[in-house]
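The file my_file24.cif contains mmCIF, C-alpha atoms:
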data_run
loop_
_atom_site.label_atom_id
_atom_site.label_comp_id
_atom_site.auth_asym_id
_atom_site.auth_seq_id
_atom_site.Cartn_x
_atom_site.Cartn_y
_atom_site.Cartn_z
CA LEU P 14 30.71 205.48 25.56
CA THR P 15 28.89 207.33 28.33
CA ASN P 16 29.27 205.12 31.41
CA VAL P 17 31.73 202.52 32.67
CA PHE P 18 31.61 200.65 35.97
CA ILE P 19 33.77 197.75 37.18
CA LYS P 20 32.03 195.51 39.68
CA ALA P 21 33.36 192.60 41.74
CA ILE P 22 30.73 189.93 42.40
CA THR P 23 30.64 186.48 43.98
CA SER P 24 28.92 183.31 42.87
CA PRO P 25 26.09 181.94 45.06
CA ALA P 26 26.18 178.77 47.18
CA VAL P 27 23.65 176.94 44.98
CA VAL P 28 22.72 177.11 41.30
CA SER P 29 20.23 179.93 40.91
CA ALA P 30 19.52 183.23 39.15
CA VAL P 31 21.09 186.19 40.98
CA GLY P 32 20.54 189.88 40.33
CA TYR P 33 23.53 192.15 40.92
CA THR P 34 22.91 195.86 41.52
CA GLY P 35 24.89 199.00 42.36
CA VAL P 36 26.13 199.71 38.84
CA GLY P 37 24.26 203.02 38.62
CA PHE P 38 22.96 202.55 35.08
CA GLN P 39 21.63 199.88 32.72
CA PRO P 40 24.58 198.45 30.79
CA ASP P 41 24.46 197.92 27.05
CA CYS P 42 27.23 195.32 27.25
CA ILE P 43 29.18 193.54 29.99
CA LEU P 44 32.55 191.78 29.95
CA MET P 45 33.26 189.12 32.60
CA PHE P 46 36.60 187.83 33.89
CA SER P 47 36.61 184.90 36.28
CA PRO P 48 39.67 183.41 38.02
CA ASN P 49 37.55 181.18 40.30
CA ALA P 50 39.42 182.52 43.35
CA THR P 51 37.59 182.08 46.63
CA ALA P 52 35.92 185.12 48.14
CA ALA P 53 37.61 184.47 51.48
CA ALA P 54 40.94 185.59 50.02
CA PRO P 55 40.37 187.79 46.95
CA GLN P 56 44.08 188.53 46.53
CA GLU P 57 45.42 185.08 47.30
CA ALA P 58 47.85 183.23 45.04
CA LEU P 59 46.83 179.65 44.34
CA ALA P 60 48.04 176.58 42.49
CA ASN P 61 46.46 175.60 39.15
CA ALA P 62 45.85 178.01 36.28
CA PHE P 63 42.32 178.63 35.11
CA ILE P 64 40.39 181.59 33.86
CA SER P 65 37.10 182.28 32.12
CA MET P 66 36.28 185.36 30.09
CA GLY P 67 33.11 186.30 28.25
CA TRP P 68 30.94 189.16 27.07
CA GLY P 69 27.24 189.61 26.58
CA MET P 70 24.39 191.92 25.65
CA SER P 71 21.30 189.78 26.34
CA SER P 72 20.07 186.29 27.17
CA SER P 73 20.43 185.36 23.50
CA SER P 74 23.65 187.25 22.73
CA ARG P 75 26.62 186.15 24.88
CA VAL P 76 29.84 184.13 24.51
CA ALA P 77 32.56 182.73 26.75
CA VAL P 78 35.83 180.83 26.82
CA GLY P 79 37.44 178.90 29.67
CA LEU P 80 40.97 177.56 30.12
CA GLY P 81 42.51 175.31 32.75
CA SER P 82 45.91 173.74 33.53
CA ARG P 83 46.54 171.54 36.56
CA ASP P 84 49.62 172.20 38.72
CA ASN P 85 52.12 169.67 40.12
CA ILE P 86 51.07 166.43 38.47
CA ALA P 87 53.24 163.91 36.65
CA GLN P 88 51.44 164.29 33.34
CA GLY P 89 50.02 167.54 31.99
CA GLN P 90 46.28 167.98 32.45
CA THR P 91 44.80 170.86 30.46
CA ASN P 92 41.33 171.80 29.23
CA HIS P 93 39.45 174.41 27.23
CA SER P 94 35.84 175.42 26.67
CA GLN P 95 34.16 177.77 24.21
CA THR P 96 30.45 178.52 24.07
CA THR P 97 27.88 180.83 22.55
CA SER P 98 25.31 179.95 25.24
CA GLY P 99 26.92 181.35 28.39
CA ILE P 100 29.03 184.21 29.76
CA VAL P 101 31.05 182.29 32.42
CA GLN P 102 32.54 178.88 31.60
CA GLY P 103 35.27 177.70 33.97
CA THR P 104 37.07 174.41 33.27
CA ILE P 105 39.75 172.21 34.88
CA SER P 106 40.52 168.48 34.83
CA ASP P 107 37.59 167.70 32.49
CA VAL P 108 35.21 169.30 35.01
CA THR P 109 33.13 172.47 34.75
CA LEU P 110 33.92 175.02 37.45
CA ASP P 111 31.60 178.00 37.88
CA ALA P 112 29.38 178.51 34.82
CA ALA P 113 26.67 181.11 34.26
CA ASP P 114 24.39 182.43 31.55
CA LEU P 115 23.33 186.06 31.13
CA ASP P 116 19.66 186.49 31.98
CA SER P 117 19.31 190.25 31.54
CA LEU P 118 20.90 193.69 31.70
CA ASP P 119 18.90 195.62 34.31
CA ALA P 120 18.25 199.23 35.33
CA ASP P 121 20.97 199.13 37.99
CA GLY P 122 23.03 196.10 36.98
CA PHE P 123 22.49 192.62 35.55
CA THR P 124 21.14 189.15 36.34
CA LEU P 125 23.14 185.94 35.93
CA ASP P 126 21.77 182.40 35.92
CA TRP P 127 24.39 180.24 37.65
CA THR P 128 24.17 176.78 36.08
CA SER P 129 27.25 175.13 37.62
CA LEU P 130 29.14 175.71 40.89
CA ILE P 131 32.16 173.53 41.54
CA ASP P 132 32.15 173.45 45.34
CA GLY P 133 29.40 175.68 46.72
CA LEU P 134 31.93 178.27 47.86
CA ALA P 135 31.64 181.92 46.87
CA HIS P 136 34.13 182.71 44.10
CA HIS P 137 35.15 186.11 42.81
CA HIS P 138 34.16 187.26 39.33
CA TYR P 139 34.82 190.69 37.80
CA VAL P 140 32.45 192.54 35.49
CA VAL P 141 33.12 195.54 33.24
CA CYS P 142 29.80 197.30 32.58
CA LEU P 143 29.58 199.56 29.50
CA LYS P 144 26.87 201.97 28.38
CA GLY P 145 26.64 204.14 25.28
CA GLY P 146 27.78 203.44 21.76
CA ASN P 147 27.13 200.36 19.63
CA TYR P 148 28.10 196.76 20.34
CA ALA P 149 27.84 193.50 18.43
CA LEU P 150 29.13 190.07 19.31
CA GLY P 151 29.12 186.57 17.94
CA GLU P 152 31.28 183.90 16.35
CA PHE P 153 32.77 183.24 12.93
CA SER P 154 35.13 180.65 11.46
CA GLN P 155 38.70 180.89 10.29
CA GLU P 156 39.02 180.83 6.51
CA LEU P 157 40.16 177.52 4.98
CA ALA P 158 42.66 179.30 2.72
CA PRO P 159 44.31 182.73 2.72
CA GLY P 160 41.73 185.46 2.21
CA LEU P 161 39.27 187.76 3.94
CA SER P 162 36.78 187.11 6.73
CA THR P 163 34.13 189.86 6.63
CA VAL P 164 31.76 190.05 9.59
CA SER P 165 28.61 192.17 9.49
CA VAL P 166 27.88 194.04 12.73
CA GLY P 167 25.40 196.75 11.65
CA PHE P 168 27.61 199.78 12.33
CA ARG P 169 31.16 201.03 11.73
CA PRO P 170 33.37 199.57 14.49
CA ALA P 171 35.95 201.64 16.33
CA ALA P 172 37.57 198.55 17.86
CA VAL P 173 37.16 194.78 17.79
CA LEU P 174 38.17 192.15 20.36
CA LEU P 175 38.81 188.55 19.20
CA ALA P 176 39.21 185.31 21.16
CA SER P 177 39.51 181.62 20.30
CA VAL P 178 40.43 178.31 21.92
CA ASN P 179 41.80 177.20 18.52
CA ASP P 180 39.11 174.55 18.00
CA ALA P 181 36.92 173.93 14.95
CA SER P 182 33.83 173.40 17.12
CA ASP P 183 32.47 174.77 20.34
CA GLY P 184 32.76 172.42 23.28
CA ILE P 185 32.93 172.13 27.05
CA ASN P 186 35.89 170.66 28.96
CA GLU P 187 37.81 169.58 25.86
CA ALA P 188 41.43 168.40 26.13
CA GLY P 189 44.24 170.94 25.63
CA ASN P 190 44.76 174.56 26.57
CA SER P 191 45.36 176.69 23.49
CA PHE P 192 44.11 180.26 23.54
CA SER P 193 44.29 183.23 21.17
CA LEU P 194 43.37 186.81 22.08
CA GLY P 195 43.59 189.84 19.83
CA ALA P 196 42.34 193.40 19.43
CA MET P 197 42.39 196.03 16.70
CA SER P 198 41.41 199.62 16.17
CA SER P 199 43.31 200.28 12.92
CA ALA P 200 45.92 198.86 10.57
CA THR P 201 48.67 200.20 12.84
CA ALA P 202 47.02 199.70 16.25
CA ARG P 203 46.49 196.00 16.92
CA PHE P 204 47.99 193.03 18.76
CA SER P 205 47.64 189.29 19.18
CA LEU P 206 48.54 186.99 22.07
CA TRP P 207 48.64 183.19 22.06
CA GLN P 208 49.45 180.52 24.61
CA GLY P 209 49.40 176.74 24.37
CA ASP P 210 49.74 173.96 26.97
CA GLU P 211 49.52 170.38 25.71
CA ASP P 212 47.27 167.90 27.48
CA ALA P 213 48.69 164.59 28.77
CA ALA P 214 52.29 165.65 28.04
CA ASP P 215 55.18 164.29 30.15
CA PRO P 216 57.23 166.38 30.43
CA THR P 217 54.85 169.29 29.98
CA ASP P 218 54.96 171.21 26.69
CA CYS P 219 53.80 174.83 26.66
CA SER P 220 54.54 177.86 24.50
CA ARG P 221 53.48 181.49 23.99
CA ASP P 222 53.54 184.14 21.29
CA GLN P 223 52.84 187.84 20.95
CA SER P 224 52.64 190.03 17.88
CA GLN P 225 51.98 193.66 17.00
CA SER P 226 51.52 192.82 13.32
CA ALA P 227 48.55 190.45 13.59
CA VAL P 228 45.11 190.45 15.21
CA ILE P 229 44.89 186.71 15.83
CA LYS P 230 47.27 183.76 15.54
CA MET P 231 46.47 180.03 15.83
CA MET P 232 49.48 177.95 16.86
CA THR P 233 50.62 174.59 18.25
CA GLN P 234 52.91 174.42 21.25
CA ASN P 235 56.46 173.12 20.90
CA GLY P 236 58.53 174.65 23.67
CA ALA P 237 60.37 177.74 22.43
CA THR P 238 59.46 177.05 18.79
CA PRO P 239 55.67 176.74 18.47
CA SER P 240 54.36 176.12 14.95
CA THR P 241 52.06 178.61 13.23
CA GLU P 242 48.80 177.23 11.81
CA ALA P 243 46.88 180.42 10.91
CA VAL P 244 47.43 184.19 11.07
CA ALA P 245 45.11 187.11 10.36
CA ASP P 246 45.73 190.85 10.32
CA PHE P 247 43.49 193.92 10.19
CA SER P 248 41.97 194.59 6.79
CA ALA P 249 39.18 197.19 7.13
CA PHE P 250 36.36 198.73 9.09
CA SER P 251 33.38 199.60 6.89
CA SER P 252 30.04 201.26 7.55
CA ASN P 253 28.52 198.00 8.83
CA SER P 254 31.28 195.39 9.16
CA PHE P 255 34.88 194.55 9.90
CA ALA P 256 37.27 192.44 7.85
CA ILE P 257 40.45 190.57 8.72
CA ASN P 258 42.90 189.09 6.21
CA TRP P 259 44.11 185.53 6.76
CA THR P 260 47.66 185.58 5.42
CA THR P 261 48.22 182.01 6.62
CA ALA P 262 45.45 179.40 6.84
CA ASP P 263 45.68 175.64 7.29
CA ALA P 264 42.20 174.47 6.15
CA VAL P 265 40.87 174.10 9.70
CA ALA P 266 37.76 176.23 10.34
CA ARG P 267 38.55 177.22 13.92
CA LYS P 268 35.85 179.19 15.74
CA VAL P 269 36.58 182.81 16.67
CA LEU P 270 34.54 184.90 19.11
CA TYR P 271 34.30 188.66 18.60
CA LEU P 272 33.09 191.83 20.27
CA ALA P 273 32.77 194.88 18.00
CA MET P 274 32.46 198.34 19.57
CA GLY P 275 31.66 201.67 17.98
CA PRO P 276 30.20 205.12 18.66
CA ALA P 277 26.48 205.67 18.83
CA THR P 278 24.94 206.39 15.46
CA ALA P 279 23.07 209.64 14.86
CA GLY P 280 19.57 209.45 16.32
CA GLY P 281 20.29 206.07 17.93
CA GLY P 282 21.12 204.83 21.38
CA GLY P 283 23.55 202.25 22.65
CA GLY P 284 23.58 198.59 21.89
CA SER P 285 23.21 196.53 18.76
CA GLY P 286 23.01 192.77 18.43
CA GLY P 287 24.73 189.48 17.96
CA GLY P 288 26.36 188.39 14.76
#
Show me the file's structure as structure tokens.
Amino acid sequence: LTNVFIKAITSPAVVSAVGYTGVGFQPDCILMFSPNATAAAPQEALANAFISMGWGMSSSSRVAVGLGSRDNIAQGQTNHSQTTSGIVQGTISDVTLDAADLDSLDADGFTLDWTSLIDGLAHHHYVVCLKGGNYALGEFSQELAPGLSTVSVGFRPAAVLLASVNDASDGINEAGNSFSLGAMSSATARFSLWQGDEDAADPTDCSRDQSQSAVIKMMTQNGATPSTEAVADFSAFSSNSFAINWTTADAVARKVLYLAMGPATAGGGGGSGGG
């Protein structure tokens, strides 16, 4: 890793491609985090919970998830989205918020193609720009029974980030808000987080979980006692792949997004490809 820059940007008033500059280098990979907060008050606290996160390397190699829960209504209203054809994918109340695809990584920044804007207002989005090393991203499926998932990335990873909306297929504005996030750099350095918020529940039903002995957990909300559907832990980093071991699996092939990161290989530059 040779360069890192964190840039705050805003969405445009109309759907369009927008180039963002001022990064100071051409990124090899970007990570985006989008709370859909208005630009007029970048530190304001607001009702409703929604967030989008995604990462990308090119117009053909990018992924995103989006989660939304509506505040102060009689019956729970929650949504999720997961896609391999965009880098921003906001969702709430069965409606797409801001959504964008990655057009390119440029000499001094990046270009986003905004495909959906919920209200025409400028919203804040945050971008982590990375240069140097190797990166690979993509999607794989949970195993249907206990065992290994091995994902080829073309280099030896130093760390891997995982994310999933706990669904067996990609989709936009689907019912329910269940989200898993995990990261690993070794058998003793890893974590997993999970949250779930049931759609159409009255009263609402939401749960959470954290673990330092797993890299991803798929669960179902049930107040203080959510049920566990699938669990995977670190298995190995090899010369061109990573492997996780599903110690629990419930025969549902849930989709998992990943970002693998590693040092530059001898004689090579940054970047790699999708998986």
Decode the PyMOL selection byres ((chain P and resi 232) around 12) for the given file into explicit residues and return them as a VMD selection string. chain P and resid 177 to 180 190 to 194 205 to 211 219 to 223 229 to 231 233 to 236 238 to 244 261 to 263 265 267
For this structure, which residues satisfy the selection - the PyMOL selection byres ((chain P and resi 167) around 8) - when it is evaluated on the file as given? I want them as a count of residues only. 9
Expand the PyMOL selection byres ((chain P and resi 44) around 9) into the explicit residue set it covers here, and present it as JSON, numbers by chain. {"P": [42, 43, 45, 46, 66, 67, 68, 69, 100, 139, 140, 141, 142, 143]}
Counting only C-alpha atoms, figure out which residue out of P:Ala113, P:Ala249, P:Val17, P:Val108 gets nearest to His138 in chain P.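 When distances to His138 in chain P are compared using only C-alpha atoms, the smallest one comes from P:Ala113.
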Enumerate, in order of chain and increasing residue number, the residues of range 114-201 of chain P with an atom no farther than 7 Å from range 71-88 of chain P, each with its shortest atom pair and distance in Å to one decimal, counting all atoms listed in the file, as JSON lines.
{"residue": "P:Leu115", "atom": "CA", "partner": "P:Ser72", "partner_atom": "CA", "distance": 5.1}
{"residue": "P:Asp116", "atom": "CA", "partner": "P:Ser72", "partner_atom": "CA", "distance": 4.8}
{"residue": "P:Ser117", "atom": "CA", "partner": "P:Ser71", "partner_atom": "CA", "distance": 5.6}
{"residue": "P:Leu118", "atom": "CA", "partner": "P:Ser71", "partner_atom": "CA", "distance": 6.6}
{"residue": "P:Asn190", "atom": "CA", "partner": "P:Leu80", "partner_atom": "CA", "distance": 6.0}
Skip Asp246 in chain P itself and residues of its chain fewer than 6 positions away, then list as a PyMOL selection string all residues within 10 Å of it, counting only C-alpha atoms. chain P and resi 161+195+197+200+203-205+225-230+256-261
Interatomic distance between CA of Ser47 in chain P and CA of Gly103 in chain P?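 CA of Ser47 in chain P sits 7.7 Å away from CA of Gly103 in chain P.
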Kindly indicate which residue among P:Thr124, P:Gly151, P:Pro216, P:Lys268 lies nearest to Ser98 in chain P, using all atoms listed in the file for the distances.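 Of P:Thr124, P:Gly151, P:Pro216, P:Lys268, the one nearest Ser98 in chain P, counting all atoms listed in the file, is P:Gly151.
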I'd like to know which of P:Lys144, P:Ala30, P:Asn186, P:Ile19 is closest to Phe63 in chain P, using all atoms listed in the file. P:Asn186
Neighbourhood query: residues within 8 Å of (31.3, 173.7, 34.4), file coordinates, counting only C-alpha atoms; return as a ChimeraX atom specification. /P:102-104,108-112,128-131,185-186
For Asp114 in chain P, please output as a PyMOL selection string all residues within 7 Å (counting only C-alpha atoms; exclusion window: fewer than 4 positions along the same chain). chain P and resi 98-101+125-127
In Å, with one decimal, what is the gap from CA of Lys20 in chain P to CA of Gly32 in chain P?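 We find that CA of Lys20 in chain P and CA of Gly32 in chain P lie 12.8 Å from each other.
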How far is it from CA of Ala21 in chain P to CA of His137 in chain P, in Å with one decimal?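 Computing the Euclidean distance for CA of Ala21 in chain P and CA of His137 in chain P yields 6.8 Å.
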Nearest to Gly275 in chain P by atom-to-atom distance, counting only C-alpha atoms, from P:Asn147, P:Ser224, P:Thr163, P:Gln155: P:Asn147
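Each of P:Ile64, P:Ala202, P:Ala214, P:Leu174 was checked against Leu270 in chain P using all atoms listed in the file; the smallest atom-to-atom distance is that of P:Leu174.
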For each of P:Gly122, P:Pro48, P:Gly160, P:Gly189, take the minimum atom-to-atom distance to Tyr33 in chain P, counting all atoms listed in the file, then give the residue where this is smallest.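 Looking at the shortest contact to Tyr33 in chain P, the residue is P:Gly122.
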Can you pull out every residue within 9 Å of Ser198 in chain P, counting all atoms listed in the file, but drop anything in the same chain fewer than 6 positions away, and send it as a PyMOL selection string? chain P and resi 170-173+247+250
